[in-house]
Amino acid sequence: MDSIRERVLDKYSARVYKNRKDHVITLDSDKPNAVAANTRAIPGIITQRGCCYAGCKGVVLGPIKDALIITHGPIGCGFYTWGTRRNKAFADEVDGERAESYIEYCLSTDMQEPDIVFGGEKKLKAAITDAVELFHPAAVFICSTCPVGLIGDDIHAIAKWAEKEYNIKCIGFSCEGYKGVSQSAGHHIANNQLIRYVIGVGDKEPVKKFSVNILGEYNIGGDGWEIEKLLKRCGIEIVSVIPGGGSYRDIKNAHLAALNLVQCHRSINYVADMMLDKYGIDWIKVNFIGIESCKQSLRSVGEYFGDEGLKARIEEVIADEVMNIEEDLAFLKGKLKGKTAALYVGGSRSHHYQMLLKDFGMKTVLAGYEFAHRDDYEGREVIPDIKPDADSKNIESIEVQPDPKYFRVLLTEEQREALKEKGILLNDYPGMLKDMEDGAIICDDLNHYETEEFLKILKPDVFFSGIKDKFVVQKSGILSRQMHSYDYSGPYAGFRGAITFGNDLFMGLSVPAWSYIKAPWKRVPNIAGSIGGEK
Amino acid sequence: MKKTNIEPLVNMNVNPCKMCMPMGAVTAFYGIEKCISILHGSQGCSTYIRRHMATHYNEPVDIASSSLTEQGTVYGGERNLIKGLNNLIRLYHPEVVGVATTCLAETIGEDLPRMIHNFYEEYPEYKEIKIIPVNSPGYGGTQFEGYFRALHSILENVDLQTEKNEKINVILSPMSPKDVRFIRNSFRLFGLDAIIFPDLSDNLDGGFSDKYERLPQKGTSLKDISLMGGAKVTIEISNLNMADSPGRFLEKNYHVPYERINLPAGIRDIDRLYEVLSAISGRPVMESVKEERSRYMDAMVDAHKYNGEGRAVIFGEPDFILATVRLCAENGIFPVVCASGSVNGDLKDIVEKEIEEMAECYHIDRYEIMDDVDFKKIESLAKELKANILIGNSDGRRMEEELKIPLIRRGFPIHDRAGGQRLATLGYEGALQFLDEITNGILSKKETTFRTIIFKEYYKEKDCPEAKIMEYQDFAKAKREELERKTKNHPCFGDCGNGFARIHLPVAPKCNIQCNYCVRKFDCPNESRPGVTSTVLTPMEALEKYKAVKEKVPNLTVVGIAGPGDALANFEETKGTLELIREYDKEVTFCLSTNGLMLPNYANELCDLGVSHVTVTMNAADISIGAQIYKYANYNGMKLEGESAAAVLMANQLSGLRMLVARGIICKVNIVAIKGINDAHIPEIVKQVKDIGCFMTNIMPCIQVKGSAFENLPTICNKELNELRNKCSGTMKQMYHCRQCRADAIGTLDQDISIQFAGCNGIKGKDNKAEAFYRFAVASKSGIIIDQHFGHAKEFYIYEYRQKNVNFIEKRSIHKYCEGFEECGDQENKIQQIMKAIEDCDGVIALRTGEAPKKQMESKGIKVISTYDIIEEAIKKAAVAML
């Protein structure tokens, strides 16, 4: 039925084929488009996925700048997460002084053989003592790597001990690499602990009438700053950003905001859901990547608060931002229109960036997620249909109760109905597929081998992915743009960001190097003249 | 005293300078042809390592994972690994598969060989594929160890043929693809058929081709590896002499001759490489290579003046450090910090051997060589030791930013620059590129800052106010008046019996000449003449004594140092005493007497110390007469006798006096009148010193001392003496009231009250436990930590412990206690000298002390303590233990 899929999966053994075929589909709006997702990666096939620790320490916790993160384990894992995601952060000014930021640090208990044999708890305690003396942090996060869970070090007991001993916030994250099937497990574990121990601890009320948290924004290339700027221009207060460029100091007050804006659904939806249950805070899925998406996201916020003044300011900001980029946008559209793209990124960028590509008239031929769940593809309506398996059951899912002190409901049922009629979805995400056109290919957990095969068949003009696949793409003569780090560039969010993105793309496609790939002696010689004595 | 916190952070690594073992293992496998590796563990390990390698090498890096999940950790990961191997082989068609373990697999105790065996059983169709297991727990070592472990494992698992062949095994320490290519080409150049093991040069630095090959197509082939057992020789390129290196393995098990050479980065090591290549091939070194060498040499000379200022921090893998240290040392770049994240016991010794001499020559007294260290430590050391260039991988970039010192990027990983895989360090051309970068790093910092620095250093507005003539004249006048007053109030220089008192502090026991009339005695309260004292004081004791005397003798105006030996033969003590007293009393007159042998050396310093009155004893102005008076002189380590002793002494006396007079010091010359020897010659001496500008002379009678060479000469009588003085008074001012005092005299000239103050020297007795007073001698290079062996100490720091306080007293040089080459010539006596230097101490604290000196000291009641600690802490602990 699906010739491209069959060609790509052709080399697999029957068993692997059987597994993989449900992860690869060609979109067809006449049929139900189900994508198998969040299942175990196949051993030996070079998956691009990372581990639970990567999702917890590397992704969700890493960007929280004033939390001191100690990796409890042998040296490798700590080292490999040291400054490798290009999330940006600047130390805040608090009361006129520079607040602490540990974003450039990598702390590890550097476990050695004896620690594995005799247990590492003593060393961890001593490390916390050292850390407290050296840095005086307000919060210490302990992240476990594989061996810790196996040898049974009780990091949670040690966290409790540290809280008592040093009067700091100390939280254990049991995010051993082998848990779950991808980074996604780590997101969940981090989300759980943030709800349990961080959000709700503070009591600093927002000053302004309209206040939000930005959830699941990682401030890659400064995206978060651009988004904050937009919202602030509209007169909206940002209570906290979780986690990009954010801080423990702010996140502990997150429960006092009026609304949650969810940028990356996959990595933070647990926090959003639990805040809804515990504090009654609604969330709306936003996307600040892409010009039209940006407009829509800002307008949704305006509609949610329903304030005419706010809505007017939002329109004014949109008009102003659009006016500033109109000329550039027209130019870039002219250059980029009709180009094709493939996207393979984590759990939401593959969706977000399609919206931006559409702004330029580009076409997506392949999109896939590294560690998404089915709801990220098909929308949250499929959640009841997802059968829990052994791996997902291993990750703790916590039930929260309404908080007696802080639970509040902002909208009446009538207001909710009215929003629904306006097409504003509350506490819901419809998924990526609905924004895509028939004929595009969806591939979950796209591995190294399949990447190569797809590139050969689809020959997209540009492939958006990460550093691991970057060089395969480039060696195939195709432009690669890194969506995890933006290759030092950014921000890509917001209106101005869209232009930066478009410029980078145009620059990449028009680099002279591509034109020299074929050496002259491989082409038909066209030298005028003669050789030797010939006339 | 400066205090430094030397407590290392043993429990937490802050910004690691190392990676884990699997990283090294898969790097090694990338040098094998048609090989792909799989990590047995969580998939994050592969992903992280791929991410790091891809960023460095700018190449696709394919490493599979057995993707262990919670289930695998409980029931064992064999199924995952077998499935993984099957899938991997199916898609990649490798000839070799490297299987490396991770923390997870090792912690649950996975048995790789058994699993591989089971895999072959289950998939017999893959039996031709070589699967090589490596045990590489992340906690077992760093990437450096992982790399060698993989090489070892390959040799153990491939069937090596023992039949002899003409191949040369070349085993490489971790190096960049560029450097591997250089080594490979060098062997080719000499027509040698080398097996480069491993050869990652193409697989991790490939070109752009029409067809993308997912399986590494280049590298050491399995066939070549199998020939390694019968090769002609193994050349191992590493600065470390590892007992279990791959080369040693081949030597031990296959009898392949083994030769290790250093990484050819420094000129000595590159020369060695070509020497070896030429020897094995029997071919002379090519002209082109010689030209490269000459260019390298030329560049070394061209850049030496910039490099000479280099203070480098070198960090990374042990081999990288060692190679770079040699390159730096050859170019005058001093490695102040060498730091490896790996644990390596040999690193320190090798580096130390390399730079010890240089440190001495450059007067660099502190450098640090450390293994098992993190960037926090490296950064603090870089700052402390004032480094101006950093050399190592890109993880040093935070340090570069923080300290604003250029980082020359080499090694692995390079994540913030393009082309990490093409960085060259080896061969004349590669090393020259490396050297140029280092030089330019030093220069780039200099070029942008040197004007400002020089301006700030030398031109300070506040330092150059317009000179005010009047003020200077006033100042000179005040100085002159002060000097006149001091001279008037000096019991010797002033008028006879002016009623002012002086104190002679006997801090200078040694003498550097032997006069035929003199015998020095140290404990004789009953004899009174120069050269005699009842005790010798240390500077600290002298201060205490001065304080005690000053309190009781208000008319005390002068502090003199008059032996019992020669004040300048004990200059450290003299200086120490004067400094201490000047700090306590700004006013008191400093007076000093000397034989003048060392006067030119110290004249200026004496002026700076505030000495205003100096007496030089000068008994002859004629060499032949002098030769009769002086038996010998110990001068700058030479023993001079007869006329040469007299000549040097006289010349130094006269030039020293000229220097003093030029700086306004009041000089008196003492002349010992020795009947029949110099009595007729004295007016000539007086005339000469008058011409120099001395203030007065003091002609005094020679006292016959039993045991001296002149004991039987007749004495000059008072009448003859006064006639002489009168005769000379026409030439210059004469002293008539000399009492020829002891070296520890106190009081006015007519009333020596020194006996009243015997014991007032600050020593309250060693047995007084309630006071808890101890004196310690400490052996230390740094002056902060006890870090020196007793026998190696050239000087000791003397500390006193008193009622829980630790005070630094002075530094004592051993050779100062050596009274001439006769005593100090041989090693045997060295311990004796040390003993002499510290015999007044209650304890000696050193890093270690030999058995013999320990016994000797303990026999003298000196306690010997061996420790490594901050000095003050060690003293406190020792004192508490001694209580």
# chains A, B, ... in the order shown; residues from 1 in each chain; ligands from 1
>>> residues_around(residues="range 268-276 of chain A", least_positions_apart="4", cutoff="9 Å", atoms="only C-alpha atoms", output="number ranges by chain")
A: 60, 187-188, 191-192, 194-195, 199, 215-216, 242, 255, 260-264, 280-283, 397-402, 407, 427
>>> write_last_selection(atoms="N, CA and C atoms", output="PDB file, in the first residue's frame")
ATOM      1  N   VAL A  60      14.556  18.818  31.233  1.00  0.00           N
ATOM      2  CA  VAL A  60      13.618  19.602  32.040  1.00  0.00           C
ATOM      3  C   VAL A  60      14.325  20.374  33.151  1.00  0.00           C
ATOM      4  N   HIS A 187      11.147  13.224  31.488  1.00  0.00           N
ATOM      5  CA  HIS A 187      10.291  14.417  31.592  1.00  0.00           C
ATOM      6  C   HIS A 187       9.248  14.188  32.680  1.00  0.00           C
ATOM      7  N   HIS A 188       8.637  13.015  32.625  1.00  0.00           N
ATOM      8  CA  HIS A 188       7.552  12.719  33.552  1.00  0.00           C
ATOM      9  C   HIS A 188       8.047  12.756  34.999  1.00  0.00           C
ATOM     10  N   ASN A 191       8.648  16.271  36.005  1.00  0.00           N
ATOM     11  CA  ASN A 191       7.353  16.938  36.199  1.00  0.00           C
ATOM     12  C   ASN A 191       6.767  16.604  37.563  1.00  0.00           C
ATOM     13  N   ASN A 192       6.795  15.312  37.890  1.00  0.00           N
ATOM     14  CA  ASN A 192       6.228  14.871  39.168  1.00  0.00           C
ATOM     15  C   ASN A 192       6.866  15.588  40.352  1.00  0.00           C
ATOM     16  N   LEU A 194       8.568  18.372  40.374  1.00  0.00           N
ATOM     17  CA  LEU A 194       8.329  19.826  40.374  1.00  0.00           C
ATOM     18  C   LEU A 194       6.984  20.119  41.026  1.00  0.00           C
ATOM     19  N   ILE A 195       5.975  19.287  40.707  1.00  0.00           N
ATOM     20  CA  ILE A 195       4.656  19.473  41.300  1.00  0.00           C
ATOM     21  C   ILE A 195       4.689  19.192  42.803  1.00  0.00           C
ATOM     22  N   ILE A 199       6.534  23.710  42.839  1.00  0.00           N
ATOM     23  CA  ILE A 199       5.395  24.593  42.566  1.00  0.00           C
ATOM     24  C   ILE A 199       4.477  24.591  43.785  1.00  0.00           C
ATOM     25  N   LEU A 215       5.098  27.276  29.963  1.00  0.00           N
ATOM     26  CA  LEU A 215       5.563  25.918  30.251  1.00  0.00           C
ATOM     27  C   LEU A 215       6.140  25.282  28.987  1.00  0.00           C
ATOM     28  N   GLY A 216       7.207  24.499  29.205  1.00  0.00           N
ATOM     29  CA  GLY A 216       7.775  23.766  28.073  1.00  0.00           C
ATOM     30  C   GLY A 216       8.447  24.656  27.057  1.00  0.00           C
ATOM     31  N   ILE A 242       8.999  27.662  32.724  1.00  0.00           N
ATOM     32  CA  ILE A 242       9.461  26.333  33.130  1.00  0.00           C
ATOM     33  C   ILE A 242       9.828  25.561  31.867  1.00  0.00           C
ATOM     34  N   HIS A 255       2.087  28.563  40.854  1.00  0.00           N
ATOM     35  CA  HIS A 255       0.677  28.278  41.148  1.00  0.00           C
ATOM     36  C   HIS A 255      -0.150  29.539  41.339  1.00  0.00           C
ATOM     37  N   ASN A 260      -1.778  28.914  32.285  1.00  0.00           N
ATOM     38  CA  ASN A 260      -0.553  28.285  31.809  1.00  0.00           C
ATOM     39  C   ASN A 260      -0.536  28.248  30.291  1.00  0.00           C
ATOM     40  N   LEU A 261       0.582  28.666  29.719  1.00  0.00           N
ATOM     41  CA  LEU A 261       0.747  28.554  28.272  1.00  0.00           C
ATOM     42  C   LEU A 261       1.692  27.389  28.029  1.00  0.00           C
ATOM     43  N   VAL A 262       1.243  26.399  27.277  1.00  0.00           N
ATOM     44  CA  VAL A 262       2.072  25.221  27.048  1.00  0.00           C
ATOM     45  C   VAL A 262       2.672  25.297  25.650  1.00  0.00           C
ATOM     46  N   GLN A 263       4.002  25.397  25.611  1.00  0.00           N
ATOM     47  CA  GLN A 263       4.680  25.443  24.310  1.00  0.00           C
ATOM     48  C   GLN A 263       4.991  24.003  23.880  1.00  0.00           C
ATOM     49  N   CYS A 264       5.833  23.286  24.657  1.00  0.00           N
ATOM     50  CA  CYS A 264       6.103  21.892  24.317  1.00  0.00           C
ATOM     51  C   CYS A 264       5.174  20.997  25.121  1.00  0.00           C
ATOM     52  N   GLY A 280      -6.445  24.528  39.798  1.00  0.00           N
ATOM     53  CA  GLY A 280      -7.540  25.019  38.959  1.00  0.00           C
ATOM     54  C   GLY A 280      -7.084  25.917  37.825  1.00  0.00           C
ATOM     55  N   ILE A 281      -5.768  25.913  37.534  1.00  0.00           N
ATOM     56  CA  ILE A 281      -5.261  26.791  36.474  1.00  0.00           C
ATOM     57  C   ILE A 281      -5.436  26.112  35.115  1.00  0.00           C
ATOM     58  N   ASP A 282      -6.129  26.779  34.220  1.00  0.00           N
ATOM     59  CA  ASP A 282      -6.315  26.243  32.871  1.00  0.00           C
ATOM     60  C   ASP A 282      -5.027  26.374  32.079  1.00  0.00           C
ATOM     61  N   TRP A 283      -4.887  25.514  31.075  1.00  0.00           N
ATOM     62  CA  TRP A 283      -3.752  25.709  30.157  1.00  0.00           C
ATOM     63  C   TRP A 283      -4.239  25.759  28.730  1.00  0.00           C
ATOM     64  N   SER A 397       2.894   7.732  38.030  1.00  0.00           N
ATOM     65  CA  SER A 397       1.947   8.748  37.603  1.00  0.00           C
ATOM     66  C   SER A 397       1.217   9.193  38.863  1.00  0.00           C
ATOM     67  N   ILE A 398       1.275  10.469  39.158  1.00  0.00           N
ATOM     68  CA  ILE A 398       0.710  10.854  40.460  1.00  0.00           C
ATOM     69  C   ILE A 398      -0.645  11.539  40.337  1.00  0.00           C
ATOM     70  N   GLU A 399      -1.464  11.259  41.302  1.00  0.00           N
ATOM     71  CA  GLU A 399      -2.791  11.872  41.393  1.00  0.00           C
ATOM     72  C   GLU A 399      -2.684  13.055  42.333  1.00  0.00           C
ATOM     73  N   VAL A 400      -3.229  14.202  41.925  1.00  0.00           N
ATOM     74  CA  VAL A 400      -3.189  15.332  42.861  1.00  0.00           C
ATOM     75  C   VAL A 400      -4.604  15.731  43.240  1.00  0.00           C
ATOM     76  N   GLN A 401      -4.725  16.285  44.417  1.00  0.00           N
ATOM     77  CA  GLN A 401      -6.006  16.760  44.909  1.00  0.00           C
ATOM     78  C   GLN A 401      -6.010  18.288  44.871  1.00  0.00           C
ATOM     79  N   PRO A 402      -7.218  18.885  44.756  1.00  0.00           N
ATOM     80  CA  PRO A 402      -7.281  20.357  44.799  1.00  0.00           C
ATOM     81  C   PRO A 402      -6.617  20.880  46.072  1.00  0.00           C
ATOM     82  N   PHE A 407      -6.461  26.497  45.368  1.00  0.00           N
ATOM     83  CA  PHE A 407      -7.320  26.094  44.257  1.00  0.00           C
ATOM     84  C   PHE A 407      -8.357  27.169  43.964  1.00  0.00           C
ATOM     85  N   ASN A 427      -7.142  23.339  27.787  1.00  0.00           N
ATOM     86  CA  ASN A 427      -6.586  22.106  28.338  1.00  0.00           C
ATOM     87  C   ASN A 427      -6.598  20.964  27.321  1.00  0.00           C
TER      88      ASN A 427
END
>>> select_by_dssp(residues="range 388-595 of chain B", states="strand (DSSP E or B)", output="PyMOL selection string")
chain B and resi 389-392+407-409+501-504+508+513-515+521+532+556-561+564+589-594
>>> atom_distance(atom1="CA of Ala25 in chain B", atom2="CA of Ile350 in chain B")
25.7 Å
>>> atom_distance(atom1="CA of Asn13 in chain B", atom2="CA of Ala157 in chain A")
21.9 Å
>>> closest_residue(among="B:Leu250, B:Leu580, B:Ala243, B:Ile685", to="Ala231 in chain B", atoms="only C-alpha atoms")
B:Leu250
>>> residues_around(residues="range 469-483 of chain A", least_positions_apart="3", cutoff="8 Å", atoms="only C-alpha atoms", output="PyMOL selection string")
(chain A and resi 345+349+448+451-452+455+459-466+486-487+505+508-509+514+517) or (chain B and resi 54+58-60+208-212)
>>> write_last_selection(atoms="N, CA, C and O atoms", output="short mmCIF file (atom, residue, chain, number, x, y, z; two decimals), in the first residue's frame")
data_model
loop_
_atom_site.label_atom_id
_atom_site.label_comp_id
_atom_site.auth_asym_id
_atom_site.auth_seq_id
_atom_site.Cartn_x
_atom_site.Cartn_y
_atom_site.Cartn_z
N VAL A 345 12.53 16.00 15.06
CA VAL A 345 12.98 16.60 16.32
C VAL A 345 12.24 15.93 17.46
O VAL A 345 11.45 15.00 17.25
N ARG A 349 8.79 20.20 18.34
CA ARG A 349 9.34 21.11 17.33
C ARG A 349 8.97 20.68 15.91
O ARG A 349 8.83 21.53 15.02
N HIS A 448 18.82 5.97 12.41
CA HIS A 448 19.90 6.42 11.53
C HIS A 448 19.76 5.80 10.14
O HIS A 448 19.92 6.49 9.13
N THR A 451 16.76 7.23 8.25
CA THR A 451 17.04 8.61 7.84
C THR A 451 17.70 8.61 6.46
O THR A 451 17.28 9.31 5.54
N GLU A 452 18.75 7.79 6.37
CA GLU A 452 19.48 7.70 5.11
C GLU A 452 18.56 7.30 3.96
O GLU A 452 18.60 7.89 2.88
N LEU A 455 16.10 10.01 2.98
CA LEU A 455 16.75 11.11 2.28
C LEU A 455 16.94 10.75 0.81
O LEU A 455 16.74 11.58 -0.08
N LYS A 459 14.53 13.17 -1.03
CA LYS A 459 15.40 14.29 -1.43
C LYS A 459 14.83 15.66 -1.04
O LYS A 459 14.64 16.55 -1.90
N PRO A 460 14.61 15.87 0.23
CA PRO A 460 14.10 17.18 0.64
C PRO A 460 15.19 18.24 0.46
O PRO A 460 16.37 17.92 0.39
N ASP A 461 14.79 19.51 0.38
CA ASP A 461 15.78 20.58 0.26
C ASP A 461 16.50 20.80 1.59
O ASP A 461 17.64 21.24 1.61
N VAL A 462 15.78 20.55 2.65
CA VAL A 462 16.41 20.76 3.97
C VAL A 462 15.88 19.73 4.95
O VAL A 462 14.73 19.31 4.87
N PHE A 463 16.79 19.31 5.85
CA PHE A 463 16.41 18.35 6.88
C PHE A 463 16.67 18.99 8.23
O PHE A 463 17.79 19.39 8.51
N PHE A 464 15.61 19.12 9.00
CA PHE A 464 15.75 19.73 10.33
C PHE A 464 15.86 18.62 11.37
O PHE A 464 14.92 17.84 11.52
N SER A 465 17.01 18.56 12.03
CA SER A 465 17.14 17.52 13.05
C SER A 465 18.20 17.95 14.05
O SER A 465 18.26 19.11 14.43
N GLY A 466 19.06 17.00 14.45
CA GLY A 466 20.05 17.31 15.48
C GLY A 466 21.45 16.98 15.02
O GLY A 466 21.67 16.59 13.87
N TYR A 486 20.03 25.25 17.11
CA TYR A 486 19.95 26.36 16.15
C TYR A 486 21.33 26.75 15.61
O TYR A 486 21.51 27.87 15.12
N ASP A 487 22.33 25.87 15.71
CA ASP A 487 23.68 26.19 15.21
C ASP A 487 24.13 27.59 15.63
O ASP A 487 24.55 28.38 14.79
N LEU A 505 17.88 29.91 6.77
CA LEU A 505 17.52 28.87 5.82
C LEU A 505 17.95 29.26 4.41
O LEU A 505 18.56 28.47 3.68
N GLY A 508 21.64 29.03 4.12
CA GLY A 508 22.09 27.64 4.02
C GLY A 508 21.86 27.06 2.63
O GLY A 508 22.70 26.36 2.09
N LEU A 509 20.71 27.38 2.06
CA LEU A 509 20.39 26.81 0.75
C LEU A 509 21.23 27.44 -0.35
O LEU A 509 21.49 26.81 -1.37
N TRP A 514 27.69 24.16 -2.08
CA TRP A 514 26.88 23.11 -2.72
C TRP A 514 27.18 22.99 -4.22
O TRP A 514 27.11 21.91 -4.78
N ILE A 517 30.21 20.56 -5.40
CA ILE A 517 30.29 19.16 -4.98
C ILE A 517 30.82 18.30 -6.10
O ILE A 517 31.67 17.45 -5.90
N ALA B 54 30.41 13.28 17.23
CA ALA B 54 30.00 13.92 15.98
C ALA B 54 30.36 15.40 16.00
O ALA B 54 30.82 15.96 15.01
N ASN B 58 33.02 16.18 13.33
CA ASN B 58 32.21 16.67 12.20
C ASN B 58 31.96 15.55 11.19
O ASN B 58 32.13 15.73 9.98
N GLU B 59 31.67 14.40 11.69
CA GLU B 59 31.41 13.22 10.87
C GLU B 59 30.23 12.48 11.47
O GLU B 59 29.97 12.61 12.67
N PRO B 60 29.52 11.70 10.65
CA PRO B 60 28.48 10.86 11.24
C PRO B 60 29.15 9.86 12.18
O PRO B 60 30.22 9.34 11.84
N PHE B 208 34.12 14.18 1.10
CA PHE B 208 32.78 14.26 0.54
C PHE B 208 32.77 13.37 -0.69
O PHE B 208 33.58 13.52 -1.59
N SER B 209 31.90 12.38 -0.69
CA SER B 209 31.91 11.49 -1.84
C SER B 209 30.50 11.33 -2.39
O SER B 209 29.53 11.71 -1.74
N ASP B 210 30.44 10.77 -3.57
CA ASP B 210 29.12 10.62 -4.21
C ASP B 210 28.25 9.66 -3.41
O ASP B 210 27.05 9.82 -3.29
N LYS B 211 28.92 8.63 -2.89
CA LYS B 211 28.14 7.62 -2.20
C LYS B 211 28.47 7.65 -0.72
O LYS B 211 29.64 7.62 -0.33
N TYR B 212 27.44 7.72 0.08
CA TYR B 212 27.68 7.73 1.52
C TYR B 212 27.75 6.29 2.03
O TYR B 212 26.87 5.48 1.76
#
>>> residues_around(residues="Gly420 in chain B", least_positions_apart="4", cutoff="7 Å", atoms="only C-alpha atoms", output="ChimeraX atom specification")
/B:56-57,414
>>> write_last_selection(atoms="C-alpha atoms", output="PDB file, in the first residue's frame")
ATOM      1  CA  HIS B  56      34.202  16.990  17.514  1.00  0.00           C
ATOM      2  CA  TYR B  57      34.906  15.041  14.362  1.00  0.00           C
ATOM      3  CA  ILE B 414      36.805  20.368  20.481  1.00  0.00           C
TER       4      ILE B 414
END
>>> select_by_dssp(residues="range 121-243 of chain A", states="helix (DSSP H, G or I)", output="PyMOL selection string")
chain A and resi 121-135+146-151+155-166+183-198+223-233
>>> residues_around(residues="Arg397 in chain B", least_positions_apart="6", cutoff="9 Å", atoms="only C-alpha atoms", output="PyMOL selection string")
chain B and resi 406-407+416
>>> write_last_selection(atoms="N, CA and C atoms", output="compact mmCIF listing (two decimals), in the first residue's frame")
# COMPACT_ATOMS: atom_id res chain seq x y z
N PRO B 406 44.09 33.16 26.65
CA PRO B 406 43.78 32.41 25.42
C PRO B 406 43.91 30.91 25.63
N LEU B 407 42.98 30.18 25.02
CA LEU B 407 43.01 28.71 25.07
C LEU B 407 43.43 28.21 23.69
N ASP B 416 33.72 23.81 20.27
CA ASP B 416 33.34 25.18 19.97
C ASP B 416 34.14 25.78 18.81
>>> residues_around(residues="His93 in chain B", least_positions_apart="6", cutoff="12 Å", atoms="only C-alpha atoms", output="list in words")
Lys11 of chain A; Glu33, Lys34, Cys35, Ile36, Leu85, Asn86, Asn87, Tyr126, Glu128, Ile129, Lys130, Glu213, Arg214, Leu215, Pro216 and Gln217 of chain B
>>> write_last_selection(atoms="C-alpha atoms", output="compact mmCIF listing (two decimals), in the first residue's frame")
# COMPACT_ATOMS: atom_id res chain seq x y z
CA LYS A 11 16.00 -4.56 4.70
CA GLU B 33 38.00 -1.36 9.05
CA LYS B 34 34.35 -2.30 8.55
CA CYS B 35 33.76 -2.25 12.27
CA ILE B 36 30.75 -0.95 14.10
CA LEU B 85 23.74 -7.69 17.38
CA ASN B 86 21.45 -9.37 14.92
CA ASN B 87 19.76 -6.13 13.84
CA TYR B 126 27.41 -14.77 11.46
CA GLU B 128 32.72 -15.08 10.32
CA ILE B 129 32.00 -11.77 11.95
CA LYS B 130 34.45 -10.96 14.70
CA GLU B 213 29.01 4.62 3.26
CA ARG B 214 27.38 3.99 6.56
CA LEU B 215 29.99 1.44 7.59
CA PRO B 216 33.52 2.76 8.13
CA GLN B 217 35.41 1.54 5.07
>>> atom_distance(atom1="CA of Arg248 in chain B", atom2="CA of Phe187 in chain B")
20.8 Å
>>> closest_residue(among="A:Glu421, A:Lys456, A:Thr412, A:Gly180", to="Lys393 in chain A", atoms="only C-alpha atoms")
A:Gly180
>>> closest_residue(among="B:Leu609, B:Leu597, B:Met882, B:Val233", to="Glu583 in chain B", atoms="only C-alpha atoms")
B:Leu609
>>> residues_around(residues="Tyr868 in chain B", least_positions_apart="6", cutoff="9 Å", atoms="only C-alpha atoms", output="compact mmCIF listing (two decimals) with C-alpha atoms, in the first residue's frame")
# COMPACT_ATOMS: atom_id res chain seq x y z
CA ILE B 785 52.99 23.50 53.03
CA ILE B 786 55.40 21.00 54.49
CA ASP B 787 56.51 19.58 51.21
CA GLN B 788 60.20 18.88 51.44
CA ALA B 846 59.59 17.54 57.24
CA LEU B 847 57.82 15.54 54.55
CA ARG B 848 60.08 12.62 55.36
CA ALA B 874 51.40 20.86 61.41
